[in-house]
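Structure file protein.txt (compact mmCIF, C-alpha atoms) follows.
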# COMPACT_ATOMS: atom_id res chain seq x y z
CA MET M 1318 122.93 112.66 97.50
CA ARG M 1319 124.62 112.66 100.92
CA GLU M 1320 123.99 109.86 103.36
CA PRO M 1321 121.32 110.56 106.00
CA SER M 1322 122.35 111.05 109.60
CA PRO M 1323 122.02 108.08 111.99
CA THR M 1324 118.80 109.57 113.41
CA VAL M 1325 117.18 109.96 110.00
CA ALA M 1326 118.40 106.53 108.86
CA TYR M 1327 116.88 105.02 112.01
CA LEU M 1328 113.49 106.66 111.42
CA LEU M 1329 113.50 105.23 107.87
CA SER M 1330 114.07 101.68 109.18
CA THR M 1331 111.73 98.84 110.11
CA ARG M 1332 113.67 98.53 113.36
CA ALA M 1333 112.45 102.00 114.33
CA ILE M 1334 108.88 101.13 113.36
CA ARG M 1335 108.89 98.06 115.59
CA GLU M 1336 110.71 99.68 118.51
CA ARG M 1337 108.59 102.83 118.63
CA CYS M 1338 105.33 100.90 118.18
CA ARG M 1339 106.39 98.35 120.80
CA ALA M 1340 107.16 101.18 123.24
CA LEU M 1341 103.59 102.44 122.86
CA LEU M 1342 102.22 98.90 123.28
CA GLU M 1343 104.14 98.54 126.56
CA LEU M 1344 102.60 101.81 127.74
CA GLY M 1345 99.20 100.50 126.67
CA LEU M 1346 99.64 97.24 128.56
CA ALA M 1347 100.53 99.31 131.63
CA GLY M 1348 97.31 101.32 131.20
CA LYS M 1349 99.19 104.56 130.54
CA LEU M 1350 97.98 105.53 127.06
CA LYS M 1351 95.54 108.41 126.58
CA HIS M 1352 93.36 107.08 123.81
CA PHE M 1353 93.23 103.25 123.90
CA ARG M 1354 93.09 100.54 126.48
CA VAL M 1355 94.73 97.22 125.55
CA ASP M 1356 92.98 94.02 126.66
CA PRO M 1357 95.67 91.31 126.24
CA GLU M 1358 93.19 88.56 127.13
CA ARG M 1359 91.58 89.14 123.73
CA LEU M 1360 94.77 88.20 121.86
CA THR M 1361 93.87 84.51 121.86
CA THR M 1362 90.39 85.24 120.52
CA VAL M 1363 91.79 87.41 117.74
CA ALA M 1364 94.38 84.78 116.77
CA ASP M 1365 91.72 82.06 116.69
CA TYR M 1366 89.48 84.20 114.48
CA VAL M 1367 92.35 85.01 112.10
CA LEU M 1368 93.25 81.33 111.89
CA ALA M 1369 89.64 80.34 111.15
CA VAL M 1370 89.42 82.95 108.38
CA THR M 1371 92.78 81.79 107.00
CA ARG M 1372 91.70 78.14 106.88
CA GLU M 1373 88.46 79.13 105.18
CA SER M 1374 90.30 81.11 102.50
CA TYR M 1375 93.32 78.80 102.15
CA PRO M 1376 92.38 75.25 103.29
CA THR M 1377 95.79 73.87 102.28
CA LEU M 1378 97.60 76.83 103.88
CA ASP M 1379 99.21 77.59 100.53
CA ILE M 1380 99.03 81.32 101.24
CA PRO M 1381 100.49 83.96 98.93
CA VAL M 1382 102.34 87.02 100.19
CA HIS M 1383 100.06 89.98 100.99
CA SER M 1384 100.37 92.20 97.93
CA ARG M 1385 98.53 94.20 95.31
CA TRP M 1386 98.62 91.34 92.81
CA GLY M 1387 95.82 89.39 94.47
CA HIS M 1388 93.51 92.40 94.13
CA PHE M 1389 93.94 92.43 90.35
CA ASP M 1390 92.22 89.03 90.12
CA VAL M 1391 89.22 89.99 92.28
CA GLY M 1392 85.90 88.45 91.24
CA GLY M 1393 87.62 85.41 89.75
CA VAL M 1394 88.64 87.41 86.66
CA ARG M 1395 92.15 86.40 85.51
CA ARG M 1396 93.45 89.90 84.84
CA ASN M 1397 97.03 88.97 85.76
CA ALA M 1398 96.97 86.25 83.11
CA GLU M 1399 95.77 88.81 80.58
CA LEU M 1400 98.69 91.08 81.51
CA ASP M 1401 101.16 88.17 81.24
CA ALA M 1402 99.85 87.35 77.77
CA ARG M 1403 100.28 90.96 76.65
CA LEU M 1404 103.84 91.12 78.01
CA ALA M 1405 104.91 87.64 76.84
CA SER M 1406 106.96 88.84 73.87
CA LEU M 1407 109.16 91.15 75.96
CA PRO M 1408 112.54 90.19 77.50
CA ARG M 1409 112.37 89.08 81.14
CA ALA M 1410 113.85 92.29 82.55
CA GLU M 1411 111.43 94.45 80.57
CA ARG M 1412 108.47 92.35 81.72
CA ALA M 1413 109.62 93.00 85.30
CA ARG M 1414 109.91 96.74 84.65
CA ALA M 1415 106.43 96.86 83.13
CA LYS M 1416 104.94 95.01 86.11
CA LEU M 1417 106.68 97.41 88.48
CA ASP M 1418 105.25 100.29 86.45
CA LEU M 1419 101.78 98.86 87.02
CA VAL M 1420 102.03 97.86 90.65
CA ILE M 1421 103.79 101.01 91.85
CA THR M 1422 101.21 103.31 90.26
CA SER M 1423 98.41 101.09 91.56
CA VAL M 1424 99.71 101.07 95.14
CA LEU M 1425 100.14 104.84 95.12
CA LEU M 1426 96.48 105.08 94.11
CA ASP M 1427 95.43 102.70 96.90
CA ALA M 1428 94.72 105.00 99.84
CA GLY M 1429 91.20 104.60 101.31
CA SER M 1430 88.44 105.22 98.80
CA GLY M 1431 85.75 106.40 101.17
CA PRO M 1432 82.52 104.51 101.88
CA THR M 1433 80.45 105.26 98.76
CA TRP M 1434 82.84 105.07 95.78
CA LYS M 1435 82.38 102.18 93.31
CA TYR M 1436 84.00 101.11 90.04
CA VAL M 1437 81.97 99.38 87.35
CA GLU M 1438 84.19 97.23 85.15
CA PRO M 1439 83.46 96.84 81.45
CA GLY M 1440 81.11 93.88 81.47
CA GLY M 1441 79.13 95.03 84.48
CA SER M 1442 80.87 93.78 87.66
CA THR M 1443 81.08 96.38 90.40
CA TYR M 1444 83.94 96.68 92.91
CA ALA M 1445 84.61 99.00 95.83
CA ARG M 1446 87.40 99.99 98.19
CA SER M 1447 90.87 98.50 97.63
CA GLU M 1448 89.81 95.96 95.00
CA GLY M 1449 87.87 98.60 93.10
CA LEU M 1450 90.91 100.89 93.13
CA ALA M 1451 93.06 97.98 91.92
CA VAL M 1452 90.77 97.14 89.00
CA ALA M 1453 90.40 100.79 88.01
CA SER M 1454 94.16 101.38 88.03
CA PHE M 1455 94.71 98.11 86.14
CA HIS M 1456 92.43 99.25 83.33
CA MET M 1457 94.03 102.70 83.26
CA PHE M 1458 97.42 101.04 82.88
CA LEU M 1459 96.25 98.75 80.07
CA ALA M 1460 94.80 101.78 78.30
CA GLY M 1461 98.19 103.54 78.38
CA ALA M 1462 97.07 106.28 80.80
CA PHE M 1463 100.51 106.50 82.42
CA SER M 1464 102.65 106.21 79.26
CA SER M 1465 103.79 109.08 77.05
CA ASP M 1466 104.21 106.75 74.06
CA PRO M 1467 100.99 105.52 72.42
CA SER M 1468 102.97 102.73 70.74
CA GLN M 1469 104.04 101.43 74.19
CA PRO M 1470 100.93 101.67 76.37
CA LEU M 1471 101.96 99.01 78.90
CA ARG M 1472 104.34 101.18 80.85
CA ALA M 1473 104.50 104.27 83.02
CA ASP M 1474 107.08 106.97 82.48
CA ALA M 1475 108.02 110.39 83.77
CA GLU M 1476 106.35 112.36 81.01
CA GLY M 1477 103.13 110.34 81.07
CA LEU M 1478 102.80 110.63 84.86
CA GLN M 1479 103.61 114.32 85.05
CA ARG M 1480 101.12 115.28 82.37
CA LEU M 1481 98.31 113.20 83.92
CA SER M 1482 95.41 115.54 84.68
CA LEU M 1483 92.87 115.50 87.47
CA GLU M 1484 90.14 115.11 84.84
CA ALA M 1485 91.84 112.04 83.32
CA LEU M 1486 92.31 110.45 86.75
CA ALA M 1487 88.69 111.19 87.69
CA ARG M 1488 87.53 109.69 84.40
CA GLY M 1489 89.64 106.56 84.91
CA PHE M 1490 88.16 106.10 88.39
CA GLN M 1491 84.63 106.97 87.25
CA VAL M 1492 84.44 109.82 89.76
CA THR M 1493 81.28 111.92 89.64
CA GLU M 1494 79.30 114.00 92.12
CA SER M 1495 77.29 110.88 92.95
CA ASN M 1496 80.40 108.64 93.01
CA PRO M 1497 83.01 110.65 94.95
CA LEU M 1498 86.51 109.29 95.64
CA ALA M 1499 88.29 110.56 98.75
CA GLY M 1500 91.61 112.30 98.22
CA LEU M 1501 91.64 112.38 94.41
CA GLU M 1502 93.95 115.41 94.35
CA GLY M 1503 96.36 113.72 96.77
CA ARG M 1504 96.55 110.65 94.54
CA LEU M 1505 97.26 112.78 91.49
CA SER M 1506 100.00 114.61 93.39
CA LEU M 1507 101.67 111.29 94.26
CA LEU M 1508 101.65 110.10 90.65
CA GLN M 1509 102.97 113.41 89.33
CA GLY M 1510 105.63 113.35 92.04
CA LEU M 1511 106.54 109.81 91.00
CA GLY M 1512 107.09 111.15 87.48
CA ARG M 1513 109.52 113.73 88.85
CA ALA M 1514 111.36 111.20 91.03
CA LEU M 1515 112.10 108.44 88.51
CA PRO M 1516 112.42 108.10 84.71
CA ARG M 1517 109.88 105.30 85.11
CA PRO M 1518 108.73 103.32 88.18
CA GLY M 1519 110.25 100.18 86.66
CA ALA M 1520 113.69 101.75 87.09
CA LEU M 1521 113.55 100.32 90.62
CA TYR M 1522 114.18 96.93 89.02
CA ASP M 1523 117.52 98.11 87.65
CA ALA M 1524 118.51 99.75 90.95
CA LEU M 1525 117.87 96.48 92.80
CA ALA M 1526 119.34 94.22 90.11
CA ALA M 1527 122.61 96.13 90.53
CA ARG M 1528 122.78 94.70 94.07
CA GLY M 1529 122.77 91.09 92.85
CA THR M 1530 120.28 88.23 92.56
CA ARG M 1531 119.50 88.05 96.31
CA VAL M 1532 118.33 91.20 98.07
CA HIS M 1533 117.20 91.61 101.69
CA ALA M 1534 113.61 92.85 102.10
CA THR M 1535 114.80 95.90 104.04
CA GLU M 1536 117.07 96.80 101.11
CA VAL M 1537 114.01 96.82 98.85
CA LEU M 1538 112.16 99.06 101.31
CA GLY M 1539 115.24 101.27 101.60
CA GLU M 1540 115.34 101.70 97.83
CA VAL M 1541 111.62 102.53 97.80
CA LEU M 1542 112.03 105.11 100.57
CA LYS M 1543 115.10 106.66 98.93
CA SER M 1544 113.60 106.76 95.43
CA LEU M 1545 110.12 107.90 96.41
CA GLY M 1546 110.82 109.95 99.54
CA SER M 1547 110.42 113.22 97.67
CA ILE M 1548 106.84 112.48 96.56
CA TRP M 1549 105.22 112.35 100.00
CA PRO M 1550 103.49 115.45 101.37
CA GLY M 1551 105.97 117.37 103.54
CA ARG M 1552 104.47 116.65 106.94
CA THR M 1553 107.50 115.87 109.05
CA THR M 1554 111.02 116.77 108.01
CA LEU M 1555 114.25 116.25 109.92
CA GLU M 1556 117.62 117.63 108.84
CA GLY M 1557 116.06 118.54 105.49
CA VAL M 1558 114.75 115.02 104.83
CA ASN M 1559 111.04 114.49 104.17
CA LEU M 1560 110.27 111.51 106.41
CA GLY M 1561 106.89 110.68 104.86
CA ASP M 1562 104.59 108.48 106.96
CA VAL M 1563 106.09 109.53 110.33
CA TRP M 1564 104.06 111.19 113.07
CA THR M 1565 104.29 112.49 116.63
CA HIS M 1566 103.10 110.92 119.88
CA SER M 1567 103.47 112.89 123.11
CA MET M 1568 104.11 109.83 125.28
CA LEU M 1569 107.43 109.06 123.58
CA GLY M 1570 109.25 112.38 123.84
CA ALA M 1571 109.08 116.14 124.01
CA GLU M 1572 107.17 117.90 121.26
CA GLY M 1573 109.43 118.52 118.27
CA SER M 1574 112.06 116.01 119.39
CA PRO M 1575 113.12 113.01 117.25
CA GLU M 1576 112.22 110.78 120.21
CA SER M 1577 108.53 111.72 119.83
CA LEU M 1578 108.36 110.47 116.24
CA VAL M 1579 106.63 107.22 115.29
CA PRO M 1580 107.39 105.89 111.78
CA PHE M 1581 105.03 103.59 109.86
CA HIS M 1582 105.90 103.85 106.13
CA LYS M 1583 102.69 101.97 105.38
CA LEU M 1584 102.33 102.64 101.65
CA SER M 1585 106.08 102.10 101.16
CA GLN M 1586 105.90 98.71 102.88
CA TRP M 1587 102.69 97.75 101.03
CA LEU M 1588 104.58 98.63 97.88
CA THR M 1589 107.60 96.57 98.98
CA TYR M 1590 105.40 93.51 99.55
CA SER M 1591 103.88 94.10 96.11
CA LEU M 1592 107.28 94.28 94.38
CA LEU M 1593 108.30 90.78 95.46
CA GLU M 1594 106.55 88.78 92.73
CA PRO M 1595 107.70 90.80 89.71
CA LEU M 1596 111.22 91.04 91.14
CA GLU M 1597 111.34 87.24 91.48
CA GLU M 1598 110.05 86.85 87.92
CA GLY M 1599 112.87 89.18 86.89
CA GLY M 1600 115.48 87.00 88.61
CA ILE M 1601 115.83 88.80 91.97
CA THR M 1602 115.07 86.78 95.12
CA VAL M 1603 113.97 88.88 98.10
CA THR M 1604 115.00 87.38 101.45
CA ASP M 1605 114.09 87.90 105.13
CA LEU M 1606 110.51 89.03 104.58
CA ASP M 1607 109.79 89.08 108.30
CA ALA M 1608 112.05 92.08 108.72
CA LEU M 1609 109.13 94.08 107.30
CA THR M 1610 106.29 94.99 109.67
CA GLY M 1611 102.54 94.67 109.67
CA LEU M 1612 100.58 97.35 107.86
CA PRO M 1613 98.82 99.90 110.09
CA GLU M 1614 95.70 100.49 108.02
CA TYR M 1615 92.01 100.37 108.79
CA ARG M 1616 91.39 96.66 108.10
CA ASN M 1617 94.15 95.37 110.36
CA GLY M 1618 93.54 98.09 112.95
CA GLY M 1619 89.78 97.71 112.66
CA LEU M 1620 90.02 94.00 113.44
CA LEU M 1621 91.71 94.75 116.77
CA VAL M 1622 89.06 97.33 117.71
CA ASP M 1623 86.09 95.25 116.57
CA MET M 1624 87.31 92.24 118.55
CA GLY M 1625 87.93 94.21 121.75
CA LEU M 1626 91.71 93.90 121.84
CA LEU M 1627 91.90 97.70 121.53
CA VAL M 1628 89.24 99.66 123.39
CA PRO M 1629 88.86 103.40 122.73
CA ARG M 1630 88.78 105.40 125.94
CA ASP M 1631 86.64 108.11 124.34
CA PRO M 1632 83.49 106.84 122.56
CA ARG M 1633 83.80 109.72 120.08
CA LEU M 1634 86.63 107.75 118.46
CA LEU M 1635 83.92 105.45 117.10
CA THR M 1636 81.63 108.20 115.83
CA GLU M 1637 83.77 111.10 114.57
CA ALA M 1638 86.33 111.26 111.73
CA PHE M 1639 89.98 112.05 112.53
CA LYS M 1640 92.96 113.32 110.57
CA PRO M 1641 95.84 110.85 110.04
CA GLY M 1642 98.20 112.94 112.19
CA SER M 1643 95.87 113.20 115.19
CA GLU M 1644 97.28 111.46 118.25
CA PRO M 1645 94.45 108.91 118.62
CA ILE M 1646 95.12 107.71 115.05
CA VAL M 1647 98.89 107.59 115.56
CA GLU M 1648 98.32 105.59 118.74
CA TRP M 1649 95.88 103.21 117.00
CA ARG M 1650 98.28 102.60 114.13
CA ALA M 1651 101.26 102.02 116.43
CA LEU M 1652 99.35 99.53 118.57
CA THR M 1653 98.21 97.79 115.39
CA VAL M 1654 101.80 97.26 114.18
CA ALA M 1655 102.96 95.88 117.52
CA LEU M 1656 99.92 93.65 118.03
CA LEU M 1657 100.09 92.18 114.51
CA ASP M 1658 103.43 90.66 115.52
CA GLU M 1659 101.75 89.14 118.57
CA VAL M 1660 98.81 87.80 116.56
CA ALA M 1661 101.18 86.27 114.00
CA LYS M 1662 103.17 84.59 116.76
CA ARG M 1663 100.04 82.94 118.15
CA VAL M 1664 98.76 81.87 114.73
CA ARG M 1665 102.10 80.15 114.06
CA GLU M 1666 102.01 78.44 117.46
CA ARG M 1667 98.59 76.95 116.70
CA LEU M 1668 99.82 75.69 113.33
CA GLY M 1669 103.18 74.47 114.61
CA MET M 1670 104.91 76.61 111.99
CA THR M 1671 107.97 78.85 112.08
CA ALA M 1672 108.29 82.44 110.90
CA GLU M 1673 110.18 81.11 107.87
CA GLN M 1674 107.27 78.82 107.00
CA LEU M 1675 104.59 81.44 107.70
CA PRO M 1676 106.06 84.93 107.49
CA LEU M 1677 104.06 87.94 108.63
CA ALA M 1678 103.34 88.80 104.97
CA LYS M 1679 101.31 85.58 104.71
CA VAL M 1680 99.56 86.07 108.06
CA LEU M 1681 98.41 89.47 106.78
CA GLN M 1682 97.08 87.88 103.59
CA GLY M 1683 95.50 84.83 105.20
CA GLY M 1684 94.77 86.52 107.55
CA THR M 1685 94.34 89.69 109.49
CA TRP M 1686 93.32 91.90 106.53
CA THR M 1687 90.55 89.51 105.45
CA ALA M 1688 89.43 89.00 109.04
CA GLY M 1689 89.22 92.77 109.54
CA ARG M 1690 87.00 93.13 106.52
CA LYS M 1691 84.82 90.16 107.52
CA ILE M 1692 84.09 91.31 111.05
CA ALA M 1693 83.47 94.88 109.85
CA ALA M 1694 80.84 93.55 107.44
CA GLU M 1695 79.19 91.66 110.28
CA LYS M 1696 79.08 94.70 112.55
CA ARG M 1697 78.24 97.62 110.24
CA PRO M 1698 76.38 98.22 106.97
CA GLY M 1699 78.80 98.30 104.06
CA GLY M 1700 81.66 96.93 106.18
CA THR M 1701 82.88 100.38 107.15
CA PRO M 1702 85.82 100.40 109.59
CA PRO M 1703 85.11 101.15 113.26
CA ILE M 1704 87.30 104.27 113.20
CA ARG M 1705 87.03 106.80 110.39
CA ILE M 1706 89.93 108.70 108.86
CA GLU M 1707 89.79 111.94 106.90
CA SER M 1708 91.91 110.54 104.08
CA ASP M 1709 93.94 112.84 101.85
CA GLY M 1710 94.69 109.98 99.49
CA THR M 1711 98.29 109.54 100.64
CA VAL M 1712 98.18 107.51 103.88
CA PHE M 1713 95.37 104.97 104.14
Show me, as structure tokens, the structure contained in the file I just sent.
Amino acid sequence: MREPSPTVAYLLSTRAIRERCRALLELGLAGKLKHFRVDPERLTTVADYVLAVTRESYPTLDIPVHSRWGHFDVGGVRRNAELDARLASLPRAERARAKLDLVITSVLLDAGSGPTWKYVEPGGSTYARSEGLAVASFHMFLAGAFSSDPSQPLRADAEGLQRLSLEALARGFQVTESNPLAGLEGRLSLLQGLGRALPRPGALYDALAARGTRVHATEVLGEVLKSLGSIWPGRTTLEGVNLGDVWTHSMLGAEGSPESLVPFHKLSQWLTYSLLEPLEEGGITVTDLDALTGLPEYRNGGLLVDMGLLVPRDPRLLTEAFKPGSEPIVEWRALTVALLDEVAKRVRERLGMTAEQLPLAKVLQGGTWTAGRKIAAEKRPGGTPPIRIESDGTVF
């Protein structure tokens, strides 16, 4: 595969995410954006709230990295320990591959669930939203739903993923007319695409291990984007490359120009954060975590709206549902990325900690994601986010 042009390579980088999102924040601070007003005086309030939530959840400030693995243990059930016990007899590298098989499929199934979907675990506990999706995908994995070999259920492979049916996915997620899951077809498309892209998701371990025992976080993201780029819906392409989670904002450049494009790569970065633990268990240390950005999804973005740091100019933004590519949503997500860096900076200042001691990945976990959920629950029944997205199962 030929190397991408400098423009494409830039749009697939975290540098581009930060620079383009920062450019929109500067326009917002100058009062020039169409859809949101930024109230910088609320930054201190948001940081204080995030810190209070962090101390409540992690009194000793021993905060894990924001990743999918925490969701698997929701409800105090030690599902990760159960997985470790089942994988214990395998060599270290194969344990890492199996865990990548699980977490990659689970993250790709983790777009917003919609407000009414629930998953009832065997034993009776009920979970919703991201944790519900995590538990459902965990049980599908344990049952061998993504493996083509019944004698090796604890893996995902190309054949197993490509032959996965909509009916099997619906059954695994307990989808019915009375328990609808947003974007089910989009999720299936991602998993089947994953089966076409890699012999197994765990092959990412081997691709990264070939680079050595220490790998920069942006190299992990780069491998994710290169390996999985073909699976994303073809929304925006440039020079024949499917850019994935990249959208247009009119304030940055002429329509159709590369300058108008705002990259986020949210699911790819969420996946990168979620690869860190199994990679480390497999002997690969991932460095420079703060090169990755905050995640522009509805909990982080909702926190900023609910606390008045971002104020919609049109009240319909709080009452109607919008497509992911609509300019108000692109603007909201971009401002979220840029402001998460500012919130993290202020949280560290209050704690007297450096970015090395408290990387953004831990501020998100401590942190902004939990705070977004908490304030949403205080403001609206069911903790729905303040802004609604018409999810296709591939973005949020």
With only C-alpha atoms as the basis for distance, which of M:Ile1704, M:Leu1417, M:Leu1545, M:Ala1347 is at the shortest distance from M:Leu1593?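 Checking each candidate against M:Leu1593, we get M:Leu1417 as the closest.
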Can you tell me, as a PDB file with C-alpha atoms, keeping the file's coordinate frame, what residues are no more than 10 Å from stretch 1566-1583 of chain M when counting only C-alpha atoms, ignoring any on the same chain fewer than 5 positions away?
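Written file, selection19.pdb:
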ATOM      1  CA  THR M1324     118.800 109.570 113.410  1.00  0.00           C
ATOM      2  CA  VAL M1325     117.180 109.960 110.000  1.00  0.00           C
ATOM      3  CA  TYR M1327     116.880 105.020 112.010  1.00  0.00           C
ATOM      4  CA  LEU M1328     113.490 106.660 111.420  1.00  0.00           C
ATOM      5  CA  LEU M1329     113.500 105.230 107.870  1.00  0.00           C
ATOM      6  CA  SER M1330     114.070 101.680 109.180  1.00  0.00           C
ATOM      7  CA  THR M1331     111.730  98.840 110.110  1.00  0.00           C
ATOM      8  CA  ARG M1332     113.670  98.530 113.360  1.00  0.00           C
ATOM      9  CA  ALA M1333     112.450 102.000 114.330  1.00  0.00           C
ATOM     10  CA  ILE M1334     108.880 101.130 113.360  1.00  0.00           C
ATOM     11  CA  ARG M1335     108.890  98.060 115.590  1.00  0.00           C
ATOM     12  CA  GLU M1336     110.710  99.680 118.510  1.00  0.00           C
ATOM     13  CA  ARG M1337     108.590 102.830 118.630  1.00  0.00           C
ATOM     14  CA  CYS M1338     105.330 100.900 118.180  1.00  0.00           C
ATOM     15  CA  ALA M1340     107.160 101.180 123.240  1.00  0.00           C
ATOM     16  CA  LEU M1341     103.590 102.440 122.860  1.00  0.00           C
ATOM     17  CA  LEU M1344     102.600 101.810 127.740  1.00  0.00           C
ATOM     18  CA  LYS M1349      99.190 104.560 130.540  1.00  0.00           C
ATOM     19  CA  LEU M1350      97.980 105.530 127.060  1.00  0.00           C
ATOM     20  CA  LYS M1351      95.540 108.410 126.580  1.00  0.00           C
ATOM     21  CA  LEU M1538     112.160  99.060 101.310  1.00  0.00           C
ATOM     22  CA  LEU M1542     112.030 105.110 100.570  1.00  0.00           C
ATOM     23  CA  THR M1553     107.500 115.870 109.050  1.00  0.00           C
ATOM     24  CA  LEU M1555     114.250 116.250 109.920  1.00  0.00           C
ATOM     25  CA  LEU M1560     110.270 111.510 106.410  1.00  0.00           C
ATOM     26  CA  GLY M1561     106.890 110.680 104.860  1.00  0.00           C
ATOM     27  CA  LEU M1588     104.580  98.630  97.880  1.00  0.00           C
ATOM     28  CA  THR M1589     107.600  96.570  98.980  1.00  0.00           C
ATOM     29  CA  THR M1610     106.290  94.990 109.670  1.00  0.00           C
ATOM     30  CA  GLY M1611     102.540  94.670 109.670  1.00  0.00           C
ATOM     31  CA  LEU M1612     100.580  97.350 107.860  1.00  0.00           C
ATOM     32  CA  PRO M1613      98.820  99.900 110.090  1.00  0.00           C
ATOM     33  CA  GLU M1614      95.700 100.490 108.020  1.00  0.00           C
ATOM     34  CA  GLY M1642      98.200 112.940 112.190  1.00  0.00           C
ATOM     35  CA  SER M1643      95.870 113.200 115.190  1.00  0.00           C
ATOM     36  CA  GLU M1644      97.280 111.460 118.250  1.00  0.00           C
ATOM     37  CA  PRO M1645      94.450 108.910 118.620  1.00  0.00           C
ATOM     38  CA  ILE M1646      95.120 107.710 115.050  1.00  0.00           C
ATOM     39  CA  VAL M1647      98.890 107.590 115.560  1.00  0.00           C
ATOM     40  CA  GLU M1648      98.320 105.590 118.740  1.00  0.00           C
ATOM     41  CA  ARG M1650      98.280 102.600 114.130  1.00  0.00           C
ATOM     42  CA  ALA M1651     101.260 102.020 116.430  1.00  0.00           C
ATOM     43  CA  VAL M1654     101.800  97.260 114.180  1.00  0.00           C
ATOM     44  CA  THR M1711      98.290 109.540 100.640  1.00  0.00           C
ATOM     45  CA  VAL M1712      98.180 107.510 103.880  1.00  0.00           C
ATOM     46  CA  PHE M1713      95.370 104.970 104.140  1.00  0.00           C
TER      47      PHE M1713
END
Could you tell me which of M:Val1628, M:Ile1692, M:Leu1471, M:Met1670 comes closest to M:His1352 if we count all atoms listed in the file?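 Of M:Val1628, M:Ile1692, M:Leu1471, M:Met1670, the one nearest M:His1352, counting all atoms listed in the file, is M:Val1628.
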Minimum-distance residue to M:Lys1416, chosen among M:Ser1544, M:Gln1586, M:Asn1397, M:Thr1602 (using all atoms listed in the file): M:Asn1397
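Minimum atom-to-atom distance to M:Val1382, evaluated using only C-alpha atoms, belongs to M:Asp1607 out of M:Glu1438, M:Glu1484, M:Asp1607, M:Asp1356.
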With the cut-off set at 7 Å and counting only C-alpha atoms, tabulate each residue of stretch 1403-1438 of chain M with an atom at most that distance from an atom of stretch 1448-1455 of chain M, showing the nearest atom pair and its distance in Å to one decimal, ordered by chain and increasing number, as JSON lines.
{"residue": "M:Ser1423", "atom": "CA", "partner": "M:Ser1454", "partner_atom": "CA", "distance": 5.5}
{"residue": "M:Asp1427", "atom": "CA", "partner": "M:Leu1450", "partner_atom": "CA", "distance": 6.2}
{"residue": "M:Lys1435", "atom": "CA", "partner": "M:Gly1449", "partner_atom": "CA", "distance": 6.6}
{"residue": "M:Tyr1436", "atom": "CA", "partner": "M:Gly1449", "partner_atom": "CA", "distance": 5.5}
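In this structure, atom CA of M:Glu1707 sits 12.7 Å away from atom CA of M:Thr1636.
Of the listed residues M:Lys1662, M:Gly1619, M:Ala1672, M:Gln1469, the one whose atoms come nearest to M:Leu1407 is M:Gln1469, with distances taken using only C-alpha atoms.
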Distance query stretch 1493-1510 of chain M at most 7 Å, all atoms listed in the file, self and fewer than 5 positions along chain excluded, as a ChimeraX atom specification: /M:1422,1425-1426,1430-1431,1433-1435,1478-1479,1483,1548-1549,1708-1711
Using only C-alpha atoms, which protein or nucleic acid residues come within 8 Å of M:Leu1521? Drop anything in the same chain fewer than 2 positions from it, and give the result as an MDAnalysis selection string. chainID M and resid 1414 1417 1518:1519 1523:1525 1540:1541
Closest of M:Asp1474, M:Val1420, M:Pro1439, M:Asp1631 to M:Gly1387 - atom-to-atom distances counting only C-alpha atoms: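 Smallest separation from M:Gly1387 among the options: M:Val1420.
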Compute the distance from (90.8, 90.1, 122.7) to each atom, counting only C-alpha atoms, keep the residues with any atom at most 9 Å away, and return them as a list in words; use the coordinates of the file.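 Selection result: Val1355, Asp1356, Pro1357, Glu1358, Arg1359, Leu1360, Thr1361, Thr1362, Val1363, Ala1364, Leu1621, Val1622, Met1624, Gly1625, Leu1626 and Leu1627 of chain M.
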Centre, x/y/z edge lengths, axis-aligned box for stretch 1340-1343 of chain M with 6 Å per side, as JSON:
{"center_x": 104.7, "center_y": 100.5, "center_z": 124.7, "size_x": 16.9, "size_y": 15.9, "size_z": 15.7}
If we count only C-alpha atoms and set the cut-off at 9 Å, which residues sit around M:Val1437, ignoring sequence neighbours fewer than 5 positions away in its own chain? Please answer as a PDB file with C-alpha atoms, keeping the file's coordinate frame.
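Written out: out.pdb:
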ATOM      1  CA  SER M1442      80.870  93.780  87.660  1.00  0.00           C
ATOM      2  CA  THR M1443      81.080  96.380  90.400  1.00  0.00           C
ATOM      3  CA  TYR M1444      83.940  96.680  92.910  1.00  0.00           C
ATOM      4  CA  ALA M1445      84.610  99.000  95.830  1.00  0.00           C
ATOM      5  CA  GLY M1449      87.870  98.600  93.100  1.00  0.00           C
ATOM      6  CA  ALA M1453      90.400 100.790  88.010  1.00  0.00           C
ATOM      7  CA  GLN M1491      84.630 106.970  87.250  1.00  0.00           C
TER       8      GLN M1491
END
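Atom pair atom CA of M:His1533 / atom CA of M:Ser1322 has a distance of 21.6 Å (rounded to one decimal).
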Distance of atom CA of M:Ala1415 from atom CA of M:Arg1472, expressed in Å to one decimal place: 5.3 Å
